[in-house]
Structures are given as structure tokens and as C-alpha cells.
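Q: Input coords-v9.tsv, format and content: TSV, C-alpha atoms and all ligand atoms.
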chain	number	residue	atom	x	y	z
D	1	MET	CA	-8.19	24.84	-7.09
D	2	LYS	CA	-11.30	26.55	-5.64
D	3	TYR	CA	-10.81	28.86	-2.69
D	4	ILE	CA	-12.42	31.89	-1.05
D	5	PRO	CA	-9.98	34.84	-1.29
D	6	THR	CA	-8.89	37.06	1.65
D	7	LEU	CA	-12.03	39.22	1.76
D	8	SER	CA	-14.32	37.04	-0.38
D	9	ILE	CA	-14.06	39.26	-3.47
D	10	ASP	CA	-10.82	39.47	-5.50
D	11	ALA	CA	-11.14	43.26	-5.95
D	12	LEU	CA	-10.81	43.73	-2.16
D	13	THR	CA	-7.54	41.81	-1.75
D	14	PRO	CA	-5.30	44.92	-2.19
D	15	TYR	CA	-7.12	46.47	0.81
D	16	PHE	CA	-6.84	43.38	3.02
D	17	ASP	CA	-3.91	44.58	5.15
D	18	PHE	CA	-5.45	48.00	5.73
D	19	LEU	CA	-8.87	46.58	6.64
D	20	SER	CA	-7.59	43.75	8.82
D	21	ASN	CA	-5.43	46.20	10.82
D	22	LEU	CA	-8.42	48.56	11.11
D	23	PHE	CA	-10.57	45.82	12.68
D	24	GLY	CA	-7.83	44.45	14.94
D	25	PHE	CA	-7.19	41.28	12.88
D	26	GLY	CA	-3.87	42.50	11.47
D	27	ASP	CA	-0.45	42.68	13.09
D	28	ALA	CA	-1.88	42.77	16.63
D	29	LEU	CA	-3.57	39.39	16.12
D	30	LYS	CA	-0.48	37.96	14.41
D	31	GLN	CA	1.70	39.03	17.36
D	32	ARG	CA	-0.63	37.24	19.79
D	33	VAL	CA	-0.34	34.08	17.70
D	34	LEU	CA	3.45	34.31	17.61
D	35	ASN	CA	3.62	34.81	21.39
D	36	LEU	CA	1.50	31.69	21.87
D	37	ALA	CA	3.43	29.67	19.30
D	38	ALA	CA	6.66	30.11	21.33
D	39	ILE	CA	8.96	29.46	18.35
D	40	LYS	CA	12.54	28.41	19.16
D	41	ASP	CA	15.80	28.94	17.25
D	42	GLY	CA	16.26	26.52	14.39
D	43	GLU	CA	12.65	25.39	14.25
D	44	HIS	CA	10.78	24.87	10.99
D	45	ILE	CA	7.58	26.90	10.86
D	46	LEU	CA	4.69	26.65	8.39
D	47	ASP	CA	2.01	29.32	7.95
D	48	VAL	CA	-1.08	27.77	6.34
D	49	GLY	CA	-3.08	30.27	4.26
D	50	ALA	CA	-0.41	32.94	4.59
D	51	GLY	CA	-2.50	35.53	2.70
D	52	THR	CA	-0.48	38.71	2.18
D	53	GLY	CA	2.42	37.29	4.21
D	54	SER	CA	2.20	39.45	7.37
D	55	LEU	CA	2.45	36.60	9.91
D	56	ALA	CA	5.25	34.79	8.08
D	57	ILE	CA	7.29	38.03	7.80
D	58	LEU	CA	6.75	38.90	11.46
D	59	ALA	CA	7.72	35.35	12.49
D	60	LYS	CA	10.96	35.50	10.50
D	61	LYS	CA	11.85	39.01	11.75
D	62	GLN	CA	11.45	37.83	15.35
D	63	HIS	CA	13.08	34.42	14.87
D	64	LEU	CA	15.98	34.93	12.46
D	65	HIS	CA	17.25	31.39	13.06
D	66	ALA	CA	13.93	29.72	12.32
D	67	GLU	CA	13.04	28.53	8.83
D	68	VAL	CA	9.69	30.01	7.81
D	69	VAL	CA	7.49	28.76	4.96
D	70	GLY	CA	4.06	30.06	3.96
D	71	ILE	CA	1.53	28.39	1.67
D	72	GLU	CA	-1.29	30.29	-0.01
D	73	PRO	CA	-3.50	29.30	-2.98
D	74	ASP	CA	-4.42	32.81	-4.19
D	75	ASP	CA	-2.14	34.40	-6.86
D	76	GLN	CA	-3.06	37.93	-5.95
D	77	ALA	CA	-2.44	37.54	-2.21
D	78	LEU	CA	0.76	35.62	-2.95
D	79	ASN	CA	2.07	38.43	-5.20
D	80	ILE	CA	1.41	41.01	-2.48
D	81	ALA	CA	3.15	38.73	0.04
D	82	MET	CA	6.18	38.32	-2.25
D	83	ARG	CA	6.53	42.09	-2.68
D	84	LYS	CA	6.29	42.54	1.11
D	85	VAL	CA	8.97	39.89	1.68
D	86	GLU	CA	11.27	41.67	-0.77
D	87	THR	CA	10.88	45.06	0.90
D	88	SER	CA	11.14	43.61	4.42
D	89	GLY	CA	14.56	42.13	3.61
D	90	VAL	CA	13.85	38.80	5.36
D	91	GLN	CA	14.29	35.41	3.72
D	92	LEU	CA	11.40	32.99	3.73
D	93	SER	CA	9.63	30.72	1.25
D	94	LEU	CA	6.16	31.29	-0.13
D	95	ILE	CA	4.58	28.44	-2.06
D	96	GLN	CA	1.31	28.33	-3.96
D	97	ALA	CA	-0.71	25.48	-2.45
D	98	GLY	CA	-3.90	24.67	-0.57
D	99	ALA	CA	-4.08	23.46	3.02
D	100	GLU	CA	-5.74	20.24	1.85
D	101	CYS	CA	-2.69	19.10	-0.13
D	102	LEU	CA	0.52	20.30	1.50
D	103	PRO	CA	3.60	19.85	-0.72
D	104	PHE	CA	5.88	18.66	2.11
D	105	ARG	CA	7.22	15.37	3.45
D	106	PRO	CA	5.80	13.93	6.67
D	107	ALA	CA	7.27	15.45	9.88
D	108	SER	CA	8.77	18.49	8.10
D	109	PHE	CA	7.70	21.14	10.65
D	110	ASP	CA	7.96	21.82	14.39
D	111	VAL	CA	5.20	24.43	14.46
D	112	VAL	CA	2.29	25.13	12.12
D	113	VAL	CA	0.30	28.37	12.47
D	114	SER	CA	-2.83	29.55	10.71
D	115	THR	CA	-4.87	32.71	11.22
D	116	LEU	CA	-8.39	33.38	9.95
D	117	VAL	CA	-8.22	30.66	7.30
D	118	PHE	CA	-10.38	27.76	8.47
D	119	HIS	CA	-13.63	29.75	8.24
D	120	HIS	CA	-12.88	29.99	4.48
D	121	LEU	CA	-12.79	26.20	4.06
D	122	PRO	CA	-15.75	23.87	3.38
D	123	THR	CA	-16.18	21.13	6.02
D	124	GLU	CA	-14.46	18.34	4.07
D	125	ILE	CA	-11.53	20.61	3.19
D	126	LYS	CA	-11.16	21.60	6.86
D	127	LYS	CA	-10.93	17.91	7.80
D	128	GLN	CA	-8.48	17.15	5.00
D	129	ALA	CA	-6.38	20.22	5.94
D	130	LEU	CA	-6.17	19.01	9.55
D	131	LYS	CA	-5.02	15.55	8.37
D	132	GLU	CA	-2.37	17.23	6.23
D	133	ILE	CA	-1.17	19.48	9.05
D	134	TYR	CA	-0.96	16.43	11.33
D	135	ARG	CA	1.07	14.60	8.67
D	136	VAL	CA	3.63	17.38	8.13
D	137	LEU	CA	4.17	18.01	11.87
D	138	GLN	CA	6.88	16.26	13.88
D	139	ASP	CA	5.81	14.19	16.90
D	140	ASN	CA	5.02	16.62	19.75
D	141	GLY	CA	4.88	19.44	17.20
D	142	SER	CA	2.07	21.92	17.59
D	143	PHE	CA	-0.50	23.62	15.43
D	144	LEU	CA	-1.61	27.05	16.63
D	145	LEU	CA	-4.95	27.96	15.08
D	146	ALA	CA	-6.50	31.41	15.45
D	147	ASP	CA	-9.94	31.65	13.88
D	148	PHE	CA	-13.55	32.41	14.73
D	149	GLY	CA	-14.94	30.10	17.38
D	150	GLU	CA	-18.37	29.32	18.75
D	151	SER	CA	-20.57	32.36	18.21
D	152	ARG	CA	-21.11	34.22	21.47
D	153	GLY	CA	-20.86	37.93	22.08
D	154	LEU	CA	-21.91	41.01	20.20
D	155	PHE	CA	-18.94	41.51	17.83
D	156	LEU	CA	-19.08	38.06	16.24
D	157	GLY	CA	-22.88	38.03	16.30
D	158	VAL	CA	-23.03	41.27	14.28
D	159	LEU	CA	-20.23	40.15	11.91
D	160	ALA	CA	-21.92	36.76	11.28
D	161	GLY	CA	-25.24	38.59	10.68
D	162	ILE	CA	-23.66	40.88	8.06
D	163	VAL	CA	-21.95	37.97	6.28
D	164	LYS	CA	-25.27	36.06	6.20
D	165	MET	CA	-27.20	39.06	4.85
D	166	THR	CA	-24.68	39.68	2.09
D	167	ARG	CA	-24.69	35.94	1.23
D	168	LEU	CA	-20.91	35.87	1.03
D	169	PRO	CA	-19.55	32.32	0.60
D	170	GLU	CA	-18.14	32.46	4.15
D	171	SER	CA	-21.70	32.40	5.51
D	172	LYS	CA	-21.65	28.66	4.69
D	173	THR	CA	-18.02	27.78	5.35
D	174	ALA	CA	-17.86	29.67	8.68
D	175	GLN	CA	-20.80	27.70	10.12
D	176	ASP	CA	-18.54	24.91	11.49
D	177	ASN	CA	-16.57	27.59	13.35
D	178	LEU	CA	-19.67	29.29	14.74
D	179	ASP	CA	-21.14	25.91	15.78
D	180	GLY	CA	-17.96	25.20	17.76
D	181	ASN	CA	-16.98	22.15	15.66
D	182	ILE	CA	-13.30	22.94	15.04
D	183	PRO	CA	-12.00	21.35	18.29
D	184	MET	CA	-13.91	18.15	17.42
D	185	PHE	CA	-12.42	18.07	13.91
D	186	MET	CA	-8.95	18.54	15.43
D	187	ARG	CA	-9.46	15.59	17.79
D	188	GLU	CA	-10.73	13.46	14.87
D	189	ALA	CA	-7.46	14.23	13.04
D	190	GLY	CA	-5.52	12.83	16.02
D	191	PHE	CA	-4.55	16.01	17.89
D	192	SER	CA	-4.73	16.75	21.63
D	193	ILE	CA	-6.08	20.26	22.00
D	194	GLN	CA	-6.05	23.13	24.42
D	195	GLU	CA	-7.61	26.61	24.25
D	196	VAL	CA	-4.59	28.76	25.10
D	197	ALA	CA	-5.93	32.31	25.40
D	198	THR	CA	-9.21	34.10	25.91
D	199	LYS	CA	-11.15	34.90	22.76
D	200	PHE	CA	-10.39	38.18	21.00
D	201	ARG	CA	-13.20	39.62	18.84
D	202	GLY	CA	-14.65	36.15	18.42
D	203	VAL	CA	-11.29	34.65	17.48
D	204	GLN	CA	-10.39	31.50	19.39
D	205	PHE	CA	-6.78	30.41	19.99
D	206	LEU	CA	-6.35	26.63	19.92
D	207	ARG	CA	-3.12	24.69	20.34
D	208	ALA	CA	-3.34	21.24	18.78
D	209	THR	CA	-0.45	18.92	19.63
D	210	LYS	CA	0.60	15.83	17.66
D	211	ARG	CA	0.97	12.90	20.10
I	1	LIG	C1	-8.93	36.05	5.81
I	1	LIG	S1	-7.56	35.54	4.88
I	1	LIG	C2	-6.31	35.34	6.14
I	1	LIG	C3	-4.92	35.49	5.60
I	1	LIG	C4	-3.81	35.44	6.63
I	1	LIG	N1	-3.72	34.14	7.26
I	1	LIG	C5	-3.98	36.52	7.66
I	1	LIG	O1	-4.41	36.24	8.78
I	1	LIG	O2	-3.67	37.68	7.34
I	1	LIG	C6	-7.94	33.86	4.47
I	1	LIG	C7	-6.91	33.23	3.58
I	1	LIG	O3	-7.20	31.85	3.41
I	1	LIG	C8	-6.79	31.52	2.11
I	1	LIG	N2	-7.39	30.22	1.71
I	1	LIG	C9	-8.60	29.99	1.16
I	1	LIG	N3	-8.74	28.68	0.89
I	1	LIG	C10	-7.58	28.08	1.26
I	1	LIG	C11	-7.10	26.74	1.21
I	1	LIG	N4	-7.83	25.75	0.70
I	1	LIG	N5	-5.85	26.49	1.69
I	1	LIG	C12	-5.10	27.48	2.19
I	1	LIG	N6	-5.50	28.77	2.26
I	1	LIG	C13	-6.73	29.06	1.80
I	1	LIG	C14	-7.28	32.69	1.27
I	1	LIG	O4	-6.71	32.72	-0.02
I	1	LIG	C15	-6.87	33.85	2.16
I	1	LIG	O5	-5.56	34.28	1.91
Transcribe the structure of this file into C-alpha cells.

A:
Amino acid sequence: MKYIPTLSIDALTPYFDFLSNLFGFGDALKQRVLNLAAIKDGEHILDVGAGTGSLAILAKKQHLHAEVVGIEPDDQALNIAMRKVETSGVQLSLIQAGAECLPFRPASFDVVVSTLVFHHLPTEIKKQALKEIYRVLQDNGSFLLADFGESRGLFLGVLAGIVKMTRLPESKTAQDNLDGNIPMFMREAGFSIQEVATKFRGVQFLRATKR
């Protein structure tokens, strides 16, 4: 399976947690997502593109009676996530898979979350991933997506400029995000959507509900 790793280049994956915390995309962002996701006891939660596992671990620590599953295609990120799960002492499942082919039965989850993943996916994979997320959600279940939105403001403008200059693969795959197309793709997949918080460093918070 082809995928763009956490920071584009495999050699940078071990530094992902440090760098994402440094730029405000680490635990602080994950906590915002969890607050918005409003997880309840006993719910089944899926983290799509779990990376090094930070969001899934935080979710399980804060919701001991929820069942948390993370999927992630990248071996290296997955190994880091597994080590972090072991040391954190929480119990959750991490599975190697891509968002475009989720290894779950229909209606398996109450809440799906995903942070900073969609800008790594080519357009067709984004659309397929949204169909898959819709399929695995229960009726009235929600998908909380935090990822770069329509490009406005200095921070995202500078970041997008750097990515373009360095010709990283994200300069192509992030274009749908920067053009503001993600809400349209979500509607096409069947979701009702709502922007549920103000943007943070160019990151948009969208709640997509399965009706
Ligand atoms: C910037 S990292 C974000 C990781 C994590 N969600 C976080 O916020 O810390 C992007 C992640 O998307 C994953 N990814 C890339 N292609 C994917 C796909 N097709 N399906 C699921 N995840 C994918 C990468 O391997 C990487 O872990």
C-alpha cells in the first residue's frame, strides 16, 4: 500500500511526536479533538491514521470504558505507537490498515476521529476513505475530522509555501484541503456536516454525522 508517512520522509518519523508538540499539533490538538468528540462510556471509537498512537492513548486514558481502535498503514509509526501503548498501560487495538479499506464490519463504531491525515491522501483515496468511514459508523454516529482547511491566514500560508518549495508529496495531496473541498467530499459520502470550533493554526474541526 502506498502512503505518505507522518512527516513525509521515513527518517523523520522518530521525531514526529517531538516536532508535532513543538508546533502545537501534538497533545494540545488531540485534546481539543477529544473534547469535541464527546465520547461516552461503552462507545466504540476508531482513530483513522493513528500515527504514533497519541490520540488513541489519550482517548483510552480519559474514557476507560470505551473501546478504542487505531488503524495506521506505516510500520514504523505503528511500532512507535505499540511501544507507547505498552508503557502507558492502557489497552487498545492497533491494526495495520489504510483508511480506504477499513477491516471492520458495517456500523462497528459510534465515533470515528482523525487528525492531520486527510492532507496526506490523494483525492480518490480521500473519497474512498470517507465512504469507508461512513460504512463503519452506526446511524447517527459521528466522524470528527481535524485537518488543514481552506488556506487563509499567515501560519498556513507560510506552511503551504514551504511544502510547495520543498516539493514534498503533501504539496499535491493537501491541495483539496487548501481549496476547501473536504466538506464537499464529506457531503458526497452522505454525511451532514458542521464546523464545530474555530480554526487553530489552519486546522479545521469538522463533525460529519451519519444520517
Ligand atoms: C501527520 S501524520 C498524523 C498522525 C496522527 N493522526 C496524529 O495526529 O498524530 C499523518 C498520518 O497519516 C497516515 N496515513 C497516510 N496515508 C494513510 C492512509 N491511506 N490511511 C490511513 N492513514 C494514512 C500516515 O502514515 C501518518 O501516520

Q: For ligand LIG 1 (chain I), what centre and edge lengths in Å (one decimal) does the axis-aligned box get once 3 Å is added on each side of all its listed atoms, as JSON?

A:
{"center_x": -6.3, "center_y": 31.7, "center_z": 4.4, "size_x": 11.3, "size_y": 17.9, "size_z": 14.8}

Q: Please write out the residues within 7 Å of ligand LIG 1 (chain I) as JSON, numbers by chain, counting only C-alpha atoms and all ligand atoms.

A: {"D": [3, 4, 5, 6, 7, 26, 48, 49, 50, 51, 52, 53, 54, 55, 71, 72, 73, 74, 77, 97, 98, 99, 100, 114, 115, 116, 117, 120, 121, 125]}

Q: Which segment 1-120 of chain D residues have any atom within 8 Å of an atom of segment 133-144 of chain D, and for each, what is the nearest pair of atoms with distance in Å to one decimal, counting all atoms listed in the file, rows sorted by chain and number, as a Markdown table?

A:
| residue | atom | partner | partner_atom | distance |
| --- | --- | --- | --- | --- |
| D:Val33 | CA | D:Leu144 | CA | 7.2 |
| D:Leu36 | CA | D:Leu144 | CA | 7.7 |
| D:Ala37 | CA | D:Leu144 | CA | 6.3 |
| D:Ala99 | CA | D:Ile133 | CA | 7.8 |
| D:Leu102 | CA | D:Ile133 | CA | 7.8 |
| D:Phe104 | CA | D:Val136 | CA | 6.6 |
| D:Arg105 | CA | D:Val136 | CA | 6.2 |
| D:Pro106 | CA | D:Val136 | CA | 4.3 |
| D:Ala107 | CA | D:Gln138 | CA | 4.1 |
| D:Ser108 | CA | D:Val136 | CA | 5.3 |
| D:Phe109 | CA | D:Leu137 | CA | 4.9 |
| D:Asp110 | CA | D:Gly141 | CA | 4.8 |
| D:Val111 | CA | D:Ser142 | CA | 5.1 |
| D:Val112 | CA | D:Phe143 | CA | 4.6 |
| D:Val113 | CA | D:Leu144 | CA | 4.8 |
| D:Ser114 | CA | D:Leu144 | CA | 6.5 |

Q: Using atom CA of Arg187 of chain D and atom CA of Val69 of chain D as the two end points, give the distance in Å to one decimal.

A: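 Going from atom CA of Arg187 of chain D over to atom CA of Val69 of chain D covers 25.0 Å.
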
Q: Looking at D:Phe118, D:Pro183, D:His63, D:Leu46, which one is nearest to Leu94 of chain D, with distances taken over all atoms listed in the file?

A: D:Leu46

Q: Residues within 12 Å of (-10.8, 36.5, 22.7), file coordinates, counting all atoms listed in the file: what are they? Give the list as a VMD selection string.

A: chain D and resid 24 to 25 29 32 to 33 146 to 153 155 to 156 195 to 206

Q: Please report the interatomic distance between atom CA of Gly190 of chain D and atom CA of His44 of chain D in Å with one decimal.

A: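 The value is 20.9 Å.
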
Q: Between atom CA of Ile57 of chain D and atom CA of Arg211 of chain D, what is the spacing in Å?

A: 28.7 Å

Q: I need the residue nearest Val90 of chain D from this list: D:Gly70, D:Ile193, D:Lys60, D:Asp75. Use all atoms listed in the file for the distance.

A: D:Lys60

Q: Between D:Met1, D:Ala56, D:Leu130, D:Ala174, which is the closest to Leu92 of chain D once you count all atoms listed in the file?

A: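 For Leu92 of chain D, the nearest of the candidates is D:Ala56.
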